[in-house]
2 protein chains.
Amino acid sequence: MGNSVESKYWVGFDLGGTKMLATVFSEGFEILAQEKAKTKAQQGSDVVLDRIIKAITKACETAAVQPSDIKGIGVGCPGPLDLNKGVILTAPNLGWENVKLKATLEKAFGCPTVIANDVDAGLYGEYHFGAARKARCALGVFPGTGIGGACVYEGHLIRGKVNSCFEIGHIQVQPEGRLCGCGRRGCLETVASRLAIAAEAAKAAFRGEAPHLLEEAGTDLSKIKSNALARSIQAGDTAIENIVRTAARRLGVAVAGVVNLLAPDVVVLGGGLVEAMPDLFAGEVKEAIDAQAMETFSQAVKVVPAKLGDDAVVMGAAALADDMVEEAAESS
Amino acid sequence: MGNSVESKYWVGFDLGGTKMLATVFSEGFEILAQEKAKTKAQQGSDVVLDRIIKAITKACETAAVQPSDIKGIGVGCPGPLDLNKGVILTAPNLGWENVKLKATLEKAFGCPTVIANDVDAGLYGEYHFGAARKARCALGVFPGTGIGGACVYEGHLIRGKVNSCFEIGHIQVQPEGRLCGCGRRGCLETVASRLAIAAEAAKAAFRGEAPHLLEEAGTDLSKIKSNALARSIQAGDTAIENIVRTAARRLGVAVAGVVNLLAPDVVVLGGGLVEAMPDLFAGEVKEAIDAQAMETFSQAVKVVPAKLGDDAVVMGAAALADDMVEEAAESS
């Protein structure tokens with residue numbers, strides 16, 4: 001066990017496709033300093049690894065923390081990963097392969113490092129510090145460009161043998177449905193992701209059914225972001241409201257299936273769409289669960305928006321670093 | 001911790017709607033004696049509780065085991081249950097409510113008793129002694145009149161706070177599907193249970209498309225049992241083969257969704273339909289997983305028929321009794 005007189009700091013890191021966030025935490029998980037940077041993935045993994053190290057170093061300086069006082073680093077990153085070896089196997093968004101994130105950071109900072117899928121880290125953050133605190137079983141569902149899923153069951157993230165799992169976005173919900181980015185048909189992502197919603201919304205705008213959206217964002221999918229959808233609904237584009245509610249309901253029916261399997265206490269909804277329209281999403285998902293899950297499970301489950309926003313991943317990653325250090329101490 | 005010189009015996013009990021099975025196990029889980037009896041549920045729970053006690057007592061006599069040497073009793077029974085209190089809350093098949101199974105058996109035999117959902121107990125038996133041995137994550141799928149599901153994850157059955165969960169049969173697979181016994185539409189049970197298959201088969205027989213089935217079982221659903229379906233396929237009723245393969249494939253697509261969530265090592269298929277047609281079911285389910293689950297998960301999962309047959313529930317229940325006694329010893 002560590003010496004309790006000594007200072008303990010945790011570092012949580014969120015490595016995204018376009019930006020990164022380093023955060024230094026006190027032993028009690030107060031945020032002491034944060035450092036943001038652009039990922040610039042196209043410059044290659046070596047350059048980005050350097051930038052990660054610099055961002056952590058900078059955050060430590062701001063917090064007046066010696067790197068030698070960091071007890072553990074947790075990193076949330078896109079997958080697929082080798083969780084055991086701490087390697088990003090491939091990251092289509094980043095264009096990388098076999099990036100030894102754990103080994104690199106352990107060498108740079110001399111402290112144990114754990115990596116996790118970013119969705120898993122985000123839910124773990126909500127479980128320890130946010131909307132899913134003290135849940136026996138918490139589901140996380142994060143509709144964005146795709147749809148991320150995660151589950152904390154009796155204190156631990158559900159995971160695969162080597163990599164993360166809980167790929168709720170690729171459950172088939174329509175037997176003869178639309179083609180998905182994964183190559184299969186009818187995945188949940190084809191009906192309830194931001195991309196699927198934006199495509200429906202663009203059609204409505206093109207047909208003249210959504211004048212406010214057409215004025216703000218036109219018919220270009222890349223411009224139909226979550227906030228544009230939310231504003232168009234508020235301004236009175238009922239066609240857009242129908243599209244978003246239908247997608248949220250379909251998401252809810254898929255979540256109801258998972259509720260029937262795992263009987264969670266809480267479903268945490270997060271991501272840009274939910275942040276822009278929290279009541280709409282929580283309401284539709286809860287209604288779908290009430291309609292489609294077995295009563296004994298639907299009565300026991302709450303549906304809530306995530307609380308931690310952009311800090312969820314770094315907080316969860318830091319909590320995973322704490323777990324790792326504690327487990328190592330217990331087994332030594 | 002117990003005195004290892006002392007003899008230890010476990011009792012596993014399978015309480016079904018029509019019959020019951022008591023089994024006495026050695027400490028190393030060899031079957032020493034079994035006692036079967038009819039449940040006769042219509043006589044009421046008090047009479048049946050007496051019959052349960054008699055069956056266990058008789059099995060102990062056959063095994064020459066003193067009831068005082070039983071270290072623990074495990075009972076697999078239909079739900080919904082209060083797992084913590086050891087009570088059958090309601091058992092539609094048995095016509096019971098609030099049956100204090102745990103308290104009754106603890107009083108009768110003076111040893112700790114644990115109850116479990118029968119599907120959970122069956123998979124736990126396969127996990128410890130049968131087709132899912134040493135799996136990090138094992139799914140159990142048991143198509144019968146309904147479709148039972150269970151999951152052992154890192155050594156423990158996934159369960160709800162109070163009752164069992166993993167109700168795979170009530171995941172919605174067809175948005176505007178057939179009415180299910182649960183009152184909802186399009187549940188997996190409406191397309192892949194024995195009852196759903198029998199109804200399709202009866203129609204085919206009625207239309208003259210399945211002469212062998214018509215001759216053996218007629219068009220009465222209650223006579224179109226799993227073995228009748230298997231014999232009709234073997235005799236050349238291709239219409240029946242198509243019906244069963246379609247149902248098995250749909251089962252597989254639903255299982256593929258769960259594979260995407262939990263990344264199991266093994267999927268164990270059991271129940272009467274699978275026992276009658278193990279290769280057909282394992283083959284179709286594996287093909288559906290290969291087609292519908294993400295490659296990293298589908299490559300890692302085996303699909304196998306259950307091995308323990310009618311002994312799965314009693315073996316799993318006895319293993320749960322062992323766990324309970326060990327946990328109590330560790331925490332004391």
# chains A, B, ... in the order shown; residues from 1 in each chain; ligands from 1
call {"tool": "residues_around", "arguments": {"residues": "Glu27 in chain B", "least_positions_apart": "6", "cutoff": "7 Å", "atoms": "only C-alpha atoms", "output": "ChimeraX atom specification"}}
result
/B:8-10
call {"tool": "write_last_selection", "arguments": {"atoms": "N, CA, C and O atoms", "output": "short mmCIF file (atom, residue, chain, number, x, y, z; two decimals), in the first residue's frame"}}
result
data_model
loop_
_atom_site.label_atom_id
_atom_site.label_comp_id
_atom_site.auth_asym_id
_atom_site.auth_seq_id
_atom_site.Cartn_x
_atom_site.Cartn_y
_atom_site.Cartn_z
N LYS B 8 -18.74 -33.87 3.04
CA LYS B 8 -19.54 -32.77 2.52
C LYS B 8 -20.38 -33.30 1.38
O LYS B 8 -19.84 -33.93 0.46
N TYR B 9 -21.66 -33.03 1.43
CA TYR B 9 -22.52 -33.39 0.32
C TYR B 9 -23.32 -32.18 -0.10
O TYR B 9 -23.63 -31.31 0.71
N TRP B 10 -23.62 -32.15 -1.38
CA TRP B 10 -24.46 -31.07 -1.91
C TRP B 10 -25.74 -31.68 -2.45
O TRP B 10 -25.73 -32.80 -2.95
#
call {"tool": "residues_around", "arguments": {"residues": "range 287-301 of chain B", "least_positions_apart": "2", "cutoff": "7 Å", "atoms": "only C-alpha atoms", "output": "ChimeraX atom specification"}}
result
/A:184 /B:249,252-253,256-257,259-260,263-266,283-285,303
call {"tool": "interface_residues", "arguments": {"of": "chain A", "to": "chain B", "cutoff": "6 Å", "atoms": "only C-alpha atoms", "output": "PyMOL selection string"}}
result
chain A and resi 160+165-167+171+257+260-263
call {"tool": "closest_residue", "arguments": {"among": "B:Ala248, B:Ala282, B:Gly316, B:Leu213", "to": "Gln234 in chain B", "atoms": "only C-alpha atoms"}}
result
B:Leu213
call {"tool": "residues_around", "arguments": {"residues": "Ala132 in chain B", "least_positions_apart": "4", "cutoff": "8 Å", "atoms": "only C-alpha atoms", "output": "PyMOL selection string"}}
result
chain B and resi 126-128+138+266-268
call {"tool": "write_last_selection", "arguments": {"atoms": "C-alpha atoms", "output": "PDB file, in the first residue's frame"}}
result
ATOM      1  CA  GLU B 126     -22.794 -26.212 -18.169  1.00  0.00           C
ATOM      2  CA  TYR B 127     -20.231 -23.608 -17.063  1.00  0.00           C
ATOM      3  CA  HIS B 128     -18.863 -25.711 -14.212  1.00  0.00           C
ATOM      4  CA  ALA B 138     -20.715 -17.816 -21.616  1.00  0.00           C
ATOM      5  CA  VAL B 266     -19.073 -19.591 -26.054  1.00  0.00           C
ATOM      6  CA  VAL B 267     -22.776 -19.750 -26.779  1.00  0.00           C
ATOM      7  CA  VAL B 268     -24.414 -22.866 -25.317  1.00  0.00           C
TER       8      VAL B 268
END
call {"tool": "select_by_dssp", "arguments": {"residues": "range 136-306 of chain A", "states": "strand (DSSP E or B)", "output": "list in words"}}
result
Cys137, Ala138, Leu139, Gly140, Val141, Phe142, Pro143, Ile147, Gly148, Gly149, Ala150, Cys151, Val152, Tyr153, His156, Leu157, Gln172, Leu179, Arg185, Cys187, Val266, Val267, Val268, Leu269, Lys302, Val303, Val304 and Pro305 of chain A
call {"tool": "residues_around", "arguments": {"residues": "Ala91 in chain B", "least_positions_apart": "3", "cutoff": "10 Å", "atoms": "only C-alpha atoms", "output": "JSON list (two decimals) with all heavy atoms, in the first residue's frame"}}
result
[["chain", "number", "residue", "atom", "x", "y", "z"],
["B", 17, "GLY", "N", -42.41, -27.50, -13.87],
["B", 17, "GLY", "CA", -43.87, -27.39, -13.84],
["B", 17, "GLY", "C", -44.55, -28.74, -13.77],
["B", 17, "GLY", "O", -45.63, -28.87, -13.17],
["B", 41, "ALA", "N", -48.48, -29.64, -9.33],
["B", 41, "ALA", "CA", -48.58, -28.25, -8.86],
["B", 41, "ALA", "C", -49.99, -27.88, -8.43],
["B", 41, "ALA", "O", -50.18, -27.07, -7.52],
["B", 41, "ALA", "CB", -48.11, -27.30, -9.97],
["B", 77, "CYS", "N", -35.60, -23.14, -10.18],
["B", 77, "CYS", "CA", -37.06, -23.14, -10.29],
["B", 77, "CYS", "C", -37.52, -22.02, -11.21],
["B", 77, "CYS", "O", -36.77, -21.10, -11.50],
["B", 77, "CYS", "CB", -37.69, -23.00, -8.90],
["B", 77, "CYS", "SG", -36.96, -21.77, -7.84],
["B", 78, "PRO", "N", -38.76, -22.14, -11.68],
["B", 78, "PRO", "CA", -39.28, -21.10, -12.56],
["B", 78, "PRO", "C", -39.46, -19.79, -11.79],
["B", 78, "PRO", "O", -39.67, -19.82, -10.58],
["B", 78, "PRO", "CB", -40.62, -21.66, -13.04],
["B", 78, "PRO", "CG", -40.99, -22.74, -12.08],
["B", 78, "PRO", "CD", -39.72, -23.22, -11.45],
["B", 79, "GLY", "N", -39.38, -18.67, -12.49],
["B", 79, "GLY", "CA", -39.44, -17.36, -11.84],
["B", 79, "GLY", "C", -40.77, -16.70, -12.04],
["B", 79, "GLY", "O", -41.68, -17.34, -12.53],
["B", 80, "PRO", "N", -40.94, -15.43, -11.70],
["B", 80, "PRO", "CA", -39.93, -14.56, -11.07],
["B", 80, "PRO", "C", -39.71, -14.90, -9.60],
["B", 80, "PRO", "O", -40.62, -15.32, -8.91],
["B", 80, "PRO", "CB", -40.52, -13.17, -11.21],
["B", 80, "PRO", "CG", -41.94, -13.31, -11.59],
["B", 80, "PRO", "CD", -42.18, -14.72, -12.01],
["B", 81, "LEU", "N", -38.46, -14.69, -9.19],
["B", 81, "LEU", "CA", -38.03, -15.06, -7.85],
["B", 81, "LEU", "C", -37.54, -13.84, -7.09],
["B", 81, "LEU", "O", -37.14, -12.85, -7.69],
["B", 81, "LEU", "CB", -36.86, -16.05, -7.95],
["B", 81, "LEU", "CG", -37.02, -17.22, -8.92],
["B", 81, "LEU", "CD1", -35.71, -17.98, -9.06],
["B", 81, "LEU", "CD2", -38.12, -18.15, -8.44],
["B", 88, "ILE", "N", -40.22, -17.87, -4.26],
["B", 88, "ILE", "CA", -40.86, -17.84, -5.58],
["B", 88, "ILE", "C", -41.99, -16.82, -5.49],
["B", 88, "ILE", "O", -42.97, -17.04, -4.78],
["B", 88, "ILE", "CB", -41.42, -19.22, -5.98],
["B", 88, "ILE", "CG1", -40.31, -20.29, -5.96],
["B", 88, "ILE", "CG2", -42.08, -19.15, -7.36],
["B", 88, "ILE", "CD1", -40.81, -21.68, -6.34],
["B", 94, "LEU", "N", -47.04, -23.00, -12.09],
["B", 94, "LEU", "CA", -47.36, -23.78, -10.90],
["B", 94, "LEU", "C", -48.60, -23.24, -10.19],
["B", 94, "LEU", "O", -49.17, -23.91, -9.34],
["B", 94, "LEU", "CB", -46.18, -23.78, -9.93],
["B", 94, "LEU", "CG", -44.82, -24.23, -10.48],
["B", 94, "LEU", "CD1", -43.76, -24.20, -9.39],
["B", 94, "LEU", "CD2", -44.89, -25.63, -11.08],
["B", 95, "GLY", "N", -48.99, -22.00, -10.54],
["B", 95, "GLY", "CA", -50.15, -21.40, -9.88],
["B", 95, "GLY", "C", -49.87, -20.98, -8.44],
["B", 95, "GLY", "O", -50.76, -21.01, -7.59],
["B", 96, "TRP", "N", -48.63, -20.59, -8.17],
["B", 96, "TRP", "CA", -48.23, -20.28, -6.80],
["B", 96, "TRP", "C", -47.93, -18.80, -6.62],
["B", 96, "TRP", "O", -47.63, -18.10, -7.57],
["B", 96, "TRP", "CB", -46.94, -21.02, -6.43],
["B", 96, "TRP", "CG", -47.06, -22.49, -6.40],
["B", 96, "TRP", "CD1", -48.19, -23.23, -6.54],
["B", 96, "TRP", "CD2", -45.98, -23.40, -6.21],
["B", 96, "TRP", "NE1", -47.89, -24.56, -6.46],
["B", 96, "TRP", "CE2", -46.54, -24.69, -6.24],
["B", 96, "TRP", "CE3", -44.63, -23.26, -6.00],
["B", 96, "TRP", "CZ2", -45.77, -25.83, -6.10],
["B", 96, "TRP", "CZ3", -43.86, -24.39, -5.85],
["B", 96, "TRP", "CH2", -44.43, -25.66, -5.89],
["B", 97, "GLU", "N", -47.91, -18.37, -5.37],
["B", 97, "GLU", "CA", -47.44, -17.02, -5.03],
["B", 97, "GLU", "C", -46.71, -17.03, -3.70],
["B", 97, "GLU", "O", -47.17, -17.66, -2.75],
["B", 97, "GLU", "CB", -48.61, -16.04, -4.96],
["B", 97, "GLU", "CG", -48.96, -15.52, -6.34],
["B", 97, "GLU", "CD", -49.86, -14.30, -6.28],
["B", 97, "GLU", "OE1", -49.83, -13.56, -5.28],
["B", 97, "GLU", "OE2", -50.62, -14.12, -7.25],
["B", 98, "ASN", "N", -45.59, -16.30, -3.66],
["B", 98, "ASN", "CA", -44.84, -16.11, -2.41],
["B", 98, "ASN", "C", -44.53, -17.41, -1.67],
["B", 98, "ASN", "O", -44.87, -17.58, -0.50],
["B", 98, "ASN", "CB", -45.60, -15.15, -1.47],
["B", 98, "ASN", "CG", -45.51, -13.73, -1.97],
["B", 98, "ASN", "OD1", -44.41, -13.29, -2.33],
["B", 98, "ASN", "ND2", -46.62, -13.04, -2.03],
["B", 99, "VAL", "N", -43.91, -18.32, -2.37],
["B", 99, "VAL", "CA", -43.56, -19.62, -1.77],
["B", 99, "VAL", "C", -42.16, -19.52, -1.17],
["B", 99, "VAL", "O", -41.18, -19.30, -1.90],
["B", 99, "VAL", "CB", -43.62, -20.73, -2.83],
["B", 99, "VAL", "CG1", -43.24, -22.06, -2.20],
["B", 99, "VAL", "CG2", -45.01, -20.79, -3.44]]
call {"tool": "atom_distance", "arguments": {"atom1": "CA of Leu273 in chain A", "atom2": "CA of Asn227 in chain A"}}
result
7.6 Å
call {"tool": "residues_around", "arguments": {"residues": "Leu15 in chain A", "least_positions_apart": "3", "cutoff": "7 Å", "atoms": "only C-alpha atoms", "output": "short mmCIF file (atom, residue, chain, number, x, y, z; two decimals) with N, CA and C atoms, in the first residue's frame"}}
result
data_model
loop_
_atom_site.label_atom_id
_atom_site.label_comp_id
_atom_site.auth_asym_id
_atom_site.auth_seq_id
_atom_site.Cartn_x
_atom_site.Cartn_y
_atom_site.Cartn_z
N LYS A 19 -9.36 16.25 -31.22
CA LYS A 19 -8.72 16.97 -30.12
C LYS A 19 -8.39 16.05 -28.96
N MET A 20 -7.53 16.52 -28.11
CA MET A 20 -7.13 15.74 -26.93
C MET A 20 -7.26 16.62 -25.69
N LEU A 21 -7.46 15.96 -24.55
CA LEU A 21 -7.62 16.68 -23.29
C LEU A 21 -6.87 15.94 -22.19
N GLY A 76 -8.53 7.35 -22.27
CA GLY A 76 -9.66 6.90 -23.07
C GLY A 76 -9.38 7.18 -24.53
N CYS A 77 -9.55 6.16 -25.39
CA CYS A 77 -9.21 6.36 -26.80
C CYS A 77 -10.09 5.50 -27.69
#
